[in-house]
Structures are given as C-alpha cells and as structure tokens.
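Coordinates from model_11.cif are shown below (mmCIF, C-alpha atoms; chains and numbers go by the auth columns).
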```cif
data_final
#
loop_
_atom_site.group_PDB
_atom_site.id
_atom_site.type_symbol
_atom_site.label_atom_id
_atom_site.label_comp_id
_atom_site.label_asym_id
_atom_site.label_seq_id
_atom_site.Cartn_x
_atom_site.Cartn_y
_atom_site.Cartn_z
_atom_site.B_iso_or_equiv
_atom_site.auth_seq_id
_atom_site.auth_asym_id
ATOM 1 C CA MET A 1 -42.215 3.400 -15.077 0.00 1 A
ATOM 2 C CA ARG A 2 -39.032 1.266 -15.196 0.00 2 A
ATOM 3 C CA ARG A 3 -38.333 -1.234 -12.428 0.00 3 A
ATOM 4 C CA CYS A 4 -34.769 -1.240 -11.139 0.00 4 A
ATOM 5 C CA LYS A 5 -32.781 -3.327 -8.754 0.00 5 A
ATOM 6 C CA PRO A 6 -31.629 -0.985 -5.979 0.00 6 A
ATOM 7 C CA GLU A 7 -28.052 -2.222 -6.001 0.00 7 A
ATOM 8 C CA ARG A 8 -27.427 -0.831 -9.455 0.00 8 A
ATOM 9 C CA SER A 9 -26.683 2.841 -8.945 0.00 9 A
ATOM 10 C CA ALA A 10 -26.889 3.792 -12.653 0.00 10 A
ATOM 11 C CA CYS A 11 -30.289 2.153 -12.891 0.00 11 A
ATOM 12 C CA LEU A 12 -31.353 3.870 -9.663 0.00 12 A
ATOM 13 C CA VAL A 13 -30.445 7.276 -11.081 0.00 13 A
ATOM 14 C CA ALA A 14 -32.364 6.509 -14.294 0.00 14 A
ATOM 15 C CA CYS A 15 -35.419 5.482 -12.247 0.00 15 A
ATOM 16 C CA VAL A 16 -35.271 8.692 -10.196 0.00 16 A
ATOM 17 C CA LEU A 17 -34.951 10.847 -13.311 0.00 17 A
ATOM 18 C CA ALA A 18 -37.844 9.011 -14.977 0.00 18 A
ATOM 19 C CA GLY A 19 -39.926 9.566 -11.848 0.00 19 A
ATOM 20 C CA LEU A 20 -39.086 13.288 -11.809 0.00 20 A
ATOM 21 C CA GLY A 21 -40.066 13.549 -15.463 0.00 21 A
ATOM 22 C CA THR A 22 -43.413 11.947 -14.694 0.00 22 A
ATOM 23 C CA ILE A 23 -43.962 14.371 -11.792 0.00 23 A
ATOM 24 C CA ALA A 24 -43.137 17.386 -13.986 0.00 24 A
ATOM 25 C CA VAL A 25 -45.616 16.303 -16.678 0.00 25 A
ATOM 26 C CA ALA A 26 -48.289 15.740 -14.030 0.00 26 A
ATOM 27 C CA GLN A 27 -47.681 19.196 -12.519 0.00 27 A
ATOM 28 C CA ASP A 28 -47.915 20.844 -15.943 0.00 28 A
ATOM 29 C CA ASN A 29 -51.187 19.024 -16.666 0.00 29 A
ATOM 30 C CA ALA A 30 -52.501 20.079 -13.237 0.00 30 A
ATOM 31 C CA GLU A 31 -51.720 23.742 -13.988 0.00 31 A
ATOM 32 C CA ARG A 32 -53.493 23.494 -17.287 0.00 32 A
ATOM 33 C CA SER A 33 -56.556 21.972 -15.596 0.00 33 A
ATOM 34 C CA ASN A 34 -56.649 24.911 -13.148 0.00 34 A
ATOM 35 C CA ALA A 35 -57.015 27.351 -16.045 0.00 35 A
ATOM 36 C CA ILE A 36 -60.374 28.951 -16.718 0.00 36 A
ATOM 37 C CA PRO A 37 -62.170 27.037 -19.491 0.00 37 A
ATOM 38 C CA GLY A 38 -61.950 28.794 -22.805 0.00 38 A
ATOM 39 C CA GLU A 39 -59.216 31.107 -21.555 0.00 39 A
ATOM 40 C CA GLN A 40 -55.877 30.865 -23.234 0.00 40 A
ATOM 41 C CA LEU A 41 -52.945 30.569 -20.901 0.00 41 A
ATOM 42 C CA THR A 42 -50.528 33.431 -21.170 0.00 42 A
ATOM 43 C CA CYS A 43 -47.108 33.834 -19.751 0.00 43 A
ATOM 44 C CA GLN A 44 -46.109 36.718 -17.577 0.00 44 A
ATOM 45 C CA SER A 45 -44.176 39.246 -19.592 0.00 45 A
ATOM 46 C CA LEU A 46 -42.675 42.682 -19.073 0.00 46 A
ATOM 47 C CA SER A 47 -45.763 44.423 -20.397 0.00 47 A
ATOM 48 C CA GLY A 48 -48.016 42.477 -18.053 0.00 48 A
ATOM 49 C CA ALA A 49 -50.779 40.006 -18.747 0.00 49 A
ATOM 50 C CA SER A 50 -54.386 39.551 -17.956 0.00 50 A
ATOM 51 C CA ARG A 51 -53.554 36.740 -15.613 0.00 51 A
ATOM 52 C CA THR A 52 -50.522 36.478 -13.363 0.00 52 A
ATOM 53 C CA ARG A 53 -48.562 33.258 -13.686 0.00 53 A
ATOM 54 C CA GLN A 54 -44.938 32.298 -13.346 0.00 54 A
ATOM 55 C CA ALA A 55 -42.808 33.168 -16.352 0.00 55 A
ATOM 56 C CA CYS A 56 -42.704 30.738 -19.284 0.00 56 A
ATOM 57 C CA GLY A 57 -39.862 28.259 -19.227 0.00 57 A
ATOM 58 C CA GLU A 58 -39.305 28.559 -15.501 0.00 58 A
ATOM 59 C CA ALA A 59 -40.060 25.163 -14.078 0.00 59 A
ATOM 60 C CA GLN A 60 -40.541 24.614 -10.425 0.00 60 A
ATOM 61 C CA GLN A 61 -37.373 22.994 -9.186 0.00 61 A
ATOM 62 C CA SER A 62 -37.155 20.275 -6.588 0.00 62 A
ATOM 63 C CA VAL A 63 -33.908 19.115 -5.078 0.00 63 A
ATOM 64 C CA LEU A 64 -33.508 15.394 -4.658 0.00 64 A
ATOM 65 C CA ARG A 65 -30.643 14.265 -2.450 0.00 65 A
ATOM 66 C CA LEU A 66 -29.526 10.667 -2.486 0.00 66 A
ATOM 67 C CA GLU A 67 -27.212 9.388 0.197 0.00 67 A
ATOM 68 C CA ARG A 68 -25.541 6.039 0.187 0.00 68 A
ATOM 69 C CA GLU A 69 -23.200 4.730 2.832 0.00 69 A
ATOM 70 C CA VAL A 70 -20.448 2.460 1.601 0.00 70 A
ATOM 71 C CA THR A 71 -18.296 0.409 3.946 0.00 71 A
ATOM 72 C CA ILE A 72 -15.214 -1.352 2.625 0.00 72 A
ATOM 73 C CA VAL A 73 -13.426 -3.856 4.817 0.00 73 A
ATOM 74 C CA GLN A 74 -10.033 -5.074 3.701 0.00 74 A
ATOM 75 C CA GLU A 75 -7.993 -7.361 5.876 0.00 75 A
ATOM 76 C CA LEU A 76 -4.257 -6.897 5.586 0.00 76 A
ATOM 77 C CA ALA A 77 -1.980 -9.824 6.188 0.00 77 A
ATOM 78 C CA ALA A 78 0.923 -9.333 8.551 0.00 78 A
ATOM 79 C CA PRO A 79 4.076 -8.547 6.601 0.00 79 A
ATOM 80 C CA ASN A 80 6.344 -11.557 6.171 0.00 80 A
ATOM 81 C CA ASN A 81 9.557 -9.597 5.861 0.00 81 A
ATOM 82 C CA LEU A 82 9.843 -7.774 9.151 0.00 82 A
ATOM 83 C CA GLN A 83 13.272 -6.244 9.518 0.00 83 A
ATOM 84 C CA CYS A 84 15.107 -7.037 12.731 0.00 84 A
ATOM 85 C CA GLU A 85 17.986 -5.499 14.599 0.00 85 A
ATOM 86 C CA THR A 86 21.008 -7.785 14.395 0.00 86 A
ATOM 87 C CA ARG A 87 24.624 -7.593 15.527 0.00 87 A
ATOM 88 C CA ILE A 88 27.591 -9.613 14.321 0.00 88 A
ATOM 89 C CA ALA A 89 30.919 -10.016 16.085 0.00 89 A
ATOM 90 C CA VAL A 90 33.890 -11.814 14.511 0.00 90 A
ATOM 91 C CA GLU A 91 37.462 -12.754 15.336 0.00 91 A
ATOM 92 C CA TYR A 92 39.869 -13.947 12.656 0.00 92 A
ATOM 93 C CA PHE A 93 43.203 -15.731 12.321 0.00 93 A
ATOM 94 C CA HIS A 94 45.664 -16.146 9.448 0.00 94 A
ATOM 95 C CA ARG A 95 46.350 -19.859 8.884 0.00 95 A
ATOM 96 C CA ASP A 96 48.674 -20.347 5.923 0.00 96 A
ATOM 97 C CA THR A 97 46.417 -19.966 2.831 0.00 97 A
ATOM 98 C CA ILE A 98 43.162 -19.383 4.671 0.00 98 A
ATOM 99 C CA ALA A 99 41.566 -16.843 6.968 0.00 99 A
ATOM 100 C CA ARG A 100 39.690 -18.595 9.783 0.00 100 A
ATOM 101 C CA VAL A 101 36.737 -16.690 11.186 0.00 101 A
ATOM 102 C CA ASN A 102 34.814 -17.398 14.394 0.00 102 A
ATOM 103 C CA GLY A 103 31.708 -15.311 14.894 0.00 103 A
ATOM 104 C CA VAL A 104 28.350 -14.858 16.530 0.00 104 A
ATOM 105 C CA ILE A 105 25.159 -13.250 15.195 0.00 105 A
ATOM 106 C CA GLU A 106 22.761 -11.908 17.816 0.00 106 A
ATOM 107 C CA ASN A 107 19.183 -10.834 17.257 0.00 107 A
ATOM 108 C CA GLU A 108 16.943 -9.760 20.139 0.00 108 A
ATOM 109 C CA THR A 109 14.008 -8.668 17.973 0.00 109 A
ATOM 110 C CA CYS A 110 12.642 -12.019 16.831 0.00 110 A
ATOM 111 C CA THR A 111 13.058 -15.743 17.291 0.00 111 A
ATOM 112 C CA ALA A 112 13.020 -17.565 13.971 0.00 112 A
ATOM 113 C CA SER A 113 14.962 -15.392 11.540 0.00 113 A
ATOM 114 C CA GLY A 114 17.563 -15.403 8.833 0.00 114 A
ATOM 115 C CA GLY A 115 19.647 -13.120 6.723 0.00 115 A
ATOM 116 C CA GLU A 116 22.860 -12.510 4.872 0.00 116 A
ATOM 117 C CA TYR A 117 26.082 -10.544 5.123 0.00 117 A
ATOM 118 C CA GLU A 118 29.381 -9.937 3.298 0.00 118 A
ATOM 119 C CA VAL A 119 32.865 -10.854 4.503 0.00 119 A
ATOM 120 C CA GLU A 120 35.661 -8.640 3.186 0.00 120 A
ATOM 121 C CA VAL A 121 39.249 -9.844 3.541 0.00 121 A
ATOM 122 C CA ARG A 122 42.094 -7.406 2.858 0.00 122 A
ATOM 123 C CA VAL A 123 45.450 -9.038 2.045 0.00 123 A
ATOM 124 C CA LYS A 124 48.889 -7.873 0.911 0.00 124 A
ATOM 125 C CA ASP A 125 50.761 -10.104 -1.529 0.00 125 A
ATOM 126 C CA GLU A 126 54.543 -10.620 -1.705 0.00 126 A
ATOM 127 C CA ASN A 127 54.843 -7.682 -4.162 0.00 127 A
ATOM 128 C CA GLY A 128 53.243 -5.355 -1.642 0.00 128 A
ATOM 129 C CA GLU A 129 49.972 -5.028 -3.614 0.00 129 A
ATOM 130 C CA MET A 130 46.773 -4.812 -1.599 0.00 130 A
ATOM 131 C CA ARG A 131 43.743 -6.856 -2.627 0.00 131 A
ATOM 132 C CA THR A 132 40.270 -7.154 -1.183 0.00 132 A
ATOM 133 C CA LEU A 133 38.448 -10.473 -1.394 0.00 133 A
ATOM 134 C CA GLN A 134 34.685 -10.621 -0.864 0.00 134 A
ATOM 135 C CA PHE A 135 32.536 -13.562 0.214 0.00 135 A
ATOM 136 C CA SER A 136 28.730 -13.685 0.533 0.00 136 A
ATOM 137 C CA GLU A 137 27.287 -15.578 3.492 0.00 137 A
ATOM 138 C CA SER A 138 23.821 -16.353 4.823 0.00 138 A
ATOM 139 C CA TRP A 139 22.477 -17.452 8.200 0.00 139 A
ATOM 140 C CA GLN A 140 19.263 -18.786 9.685 0.00 140 A
ATOM 141 C CA ARG A 141 17.914 -19.779 13.078 0.00 141 A
ATOM 142 C CA ASP A 142 14.722 -21.389 14.393 0.00 142 A
ATOM 143 C CA ASP A 143 14.943 -20.278 18.020 0.00 143 A
ATOM 144 C CA ASP A 144 16.015 -17.241 20.031 0.00 144 A
ATOM 145 C CA GLN A 145 19.641 -18.341 20.550 0.00 145 A
ATOM 146 C CA PRO A 146 22.618 -16.529 18.980 0.00 146 A
ATOM 147 C CA VAL A 147 24.044 -18.089 15.823 0.00 147 A
ATOM 148 C CA GLU A 148 27.674 -19.130 16.283 0.00 148 A
ATOM 149 C CA PHE A 149 29.758 -19.977 13.230 0.00 149 A
ATOM 150 C CA THR A 150 33.260 -20.846 12.051 0.00 150 A
ATOM 151 C CA ALA A 151 34.326 -20.389 8.434 0.00 151 A
ATOM 152 C CA ASP A 152 37.518 -20.649 6.425 0.00 152 A
ATOM 153 C CA TYR A 153 38.156 -18.281 3.502 0.00 153 A
ATOM 154 C CA PRO A 154 40.885 -18.942 0.905 0.00 154 A
ATOM 155 C CA ILE A 155 43.235 -15.962 0.672 0.00 155 A
ATOM 156 C CA GLY A 156 46.049 -17.439 -1.467 0.00 156 A
ATOM 157 C CA GLU A 157 49.695 -18.296 -0.947 0.00 157 A
ATOM 158 C CA ASN A 158 52.375 -15.912 0.225 0.00 158 A
ATOM 159 C CA VAL A 159 49.984 -13.220 1.408 0.00 159 A
ATOM 160 C CA GLU A 160 49.651 -11.332 4.655 0.00 160 A
ATOM 161 C CA LEU A 161 46.191 -10.979 6.179 0.00 161 A
ATOM 162 C CA ILE A 162 45.771 -7.266 6.853 0.00 162 A
ATOM 163 C CA ARG A 163 42.144 -7.010 7.897 0.00 163 A
ATOM 164 C CA LEU A 164 38.843 -8.913 7.877 0.00 164 A
ATOM 165 C CA SER A 165 35.477 -7.209 8.299 0.00 165 A
ATOM 166 C CA THR A 166 31.791 -7.839 7.749 0.00 166 A
ATOM 167 C CA SER A 167 29.267 -5.553 6.095 0.00 167 A
ATOM 168 C CA GLY A 168 25.739 -5.476 4.724 0.00 168 A
ATOM 169 C CA LEU A 169 24.237 -7.503 7.572 0.00 169 A
ATOM 170 C CA LYS A 170 20.553 -8.092 6.764 0.00 170 A
ATOM 171 C CA CYS A 171 17.957 -9.836 8.882 0.00 171 A
ATOM 172 C CA THR A 172 14.364 -10.923 8.246 0.00 172 A
ATOM 173 C CA CYS A 173 12.061 -12.084 11.061 0.00 173 A
ATOM 174 C CA ALA A 174 9.783 -15.054 10.667 0.00 174 A
ATOM 175 C CA ASP A 175 8.122 -14.166 14.006 0.00 175 A
ATOM 176 C CA THR A 176 8.683 -11.711 16.860 0.00 176 A
ATOM 177 C CA LEU A 177 9.607 -12.212 20.493 0.00 177 A
ATOM 178 C CA ASP A 178 6.909 -11.457 23.072 0.00 178 A
ATOM 179 C CA GLN A 179 8.383 -8.904 25.414 0.00 179 A
#
```
Translate this file's structure into structure tokens.
Amino acid sequence: MRRCKPERSACLVACVLAGLGTIAVAQDNAERSNAIPGEQLTCQSLSGASRTRQACGEAQQSVLRLEREVTIVQELAAPNNLQCETRIAVEYFHRDTIARVNGVIENETCTASGGEYEVEVRVKDENGEMRTLQFSESWQRDDDQPVEFTADYPIGENVELIRLSTSGLKCTCADTLDQ
C-alpha cells in the first residue's frame, strides 16, 4: 500500500482508493473461500441456480465520506483613502487684474486630511464676451482646525468679475476623529 502525507489531498484520495481496491479483492477472495470445494460458483440468473448468490457484477458498495475543515484567516488593512465630509466657504473681490479669494475649508470627519478643488471665475471682457477661467487647487492639514486660505487669480485686463465659485471639493482622511 502507498504511504501518503495527509496534507496532500490528491495523495490522500489515491490512498483511500487503493485501500478500497484492496478491501474489494479481499472480500472477493473470502467469498470464493466460502464456496463448497469442488463446486463451481454460479451467478444468480433469471432461470435460477443451484446455489443462491448475489448477481454477477454487482459489487457490495460502501460509502466513504471524507470531511475536512478549512479555515482561512485574512487580515485586511484599514483603507488609506477614507472619504470625509468637507465644506468650503469663499468670499471674493475684484482687484484690477486679479480676483482675490479668502476662504475656509472645514472638515469634522477627520483630523489629518487633504484634498483638492476647482475654482471657476466667470468674467466679462470689454466686448461683452463671457469667459470662464478654471484653476485647480489642493489643501492639506495635520490637525483638526479649519484650513484658511487667501489666493489671487489672474483674470486679465479690462474685464469685469461676474462670479467666482468652487466645485469638485474632494477630501481624503489620514485618520479619523474620536467622537
């Protein structure tokens, strides 16, 4: 009989099947040894036989159930990019060829965090044509205090500042506040 290491399931199955084959051969030999000496073994047929036995080709079946419990442990790291709820408030002024913006970014979800946003400036030139200028900005903080900022955006000469707005405010937490 083959020797197998129990951790190899394919080998384990082969060992079990080899063992069952050995048992089947032993059972067949035992049945033959129970026969009357000199008597030829006959199979049961429709017309009957001198000796009653199970039909030829019908092997006694045994059911072998193998159970194996598998436990998989996978540790998941905390996500680095936790989204946070952030608000931005701005006020703006037209100063000759620039738009001055004062603003504050507030985030009550986490302490250390950062993100980005877009500033859109709508101006009207001396011909009456409207243009929209876009500027990409980013921010970052290491504590739980609001981020205050002042920025100047070039809008050109002889233009009227119609509107300034922010959009696309994104925030990523480095850690969360204990509440």
Exercise for review: Evaluate the PyMOL selection byres ((chain A and resi 157) around 8) here and jot the selected residues down as a ChimeraX atom specification.
Suggested key: /A:96-97,155-156,158-159
**Study point:** Selection result of the PyMOL selection byres ((chain A and resi 123) around 8) on this file, as a PyMOL selection string
**Key:** chain A and resi 121-122+124-125+130-133+155+159-163
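Between atom CA of Arg87 of chain A and atom CA of Glu116 of chain A the separation is 11.9 Å.
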Review point. So how many Å separate atom CA of Gln145 of chain A and atom CA of Val101 of chain A, to one decimal?
Key: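 Straight-line distance from atom CA of Gln145 of chain A to atom CA of Val101 of chain A works out to 19.6 Å.
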Practice item. Between A:Thr109, A:Ile88, A:Thr166, A:Arg95, single out the one closest to Val147 of chain A, counting all atoms listed in the file. Key: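 So, comparing all the options, the nearest one is A:Ile88.
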Point to revise | Distance in Å - atom CA of Glu85 of chain A versus atom CA of Cys173 of chain A | key: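 Between atom CA of Glu85 of chain A and atom CA of Cys173 of chain A the gap works out to 9.5 Å.
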Check your understanding: When distances are computed from all atoms listed in the file, which of A:Ala99, A:Glu129, A:Glu118, A:Glu106 shows the smallest separation from Tyr153 of chain A?
Key ->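 Looking only at the distances to Tyr153 of chain A, the closest residue turns out to be A:Ala99.
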Review point. Any chance you could work out the residue set of the PyMOL selection byres ((chain A and resi 119) around 9) here, as a VMD selection string?
Key: chain A and resid 117 to 118 120 to 121 133 to 137 164 to 168
Check your understanding: Which residue out of A:Phe93, A:Gly115, A:Thr172, A:Glu126 has the minimum interatomic distance to Thr150 of chain A when all atoms listed in the file are used?
Key ->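 With all atoms listed in the file as the atom set, the closest residue is A:Phe93.
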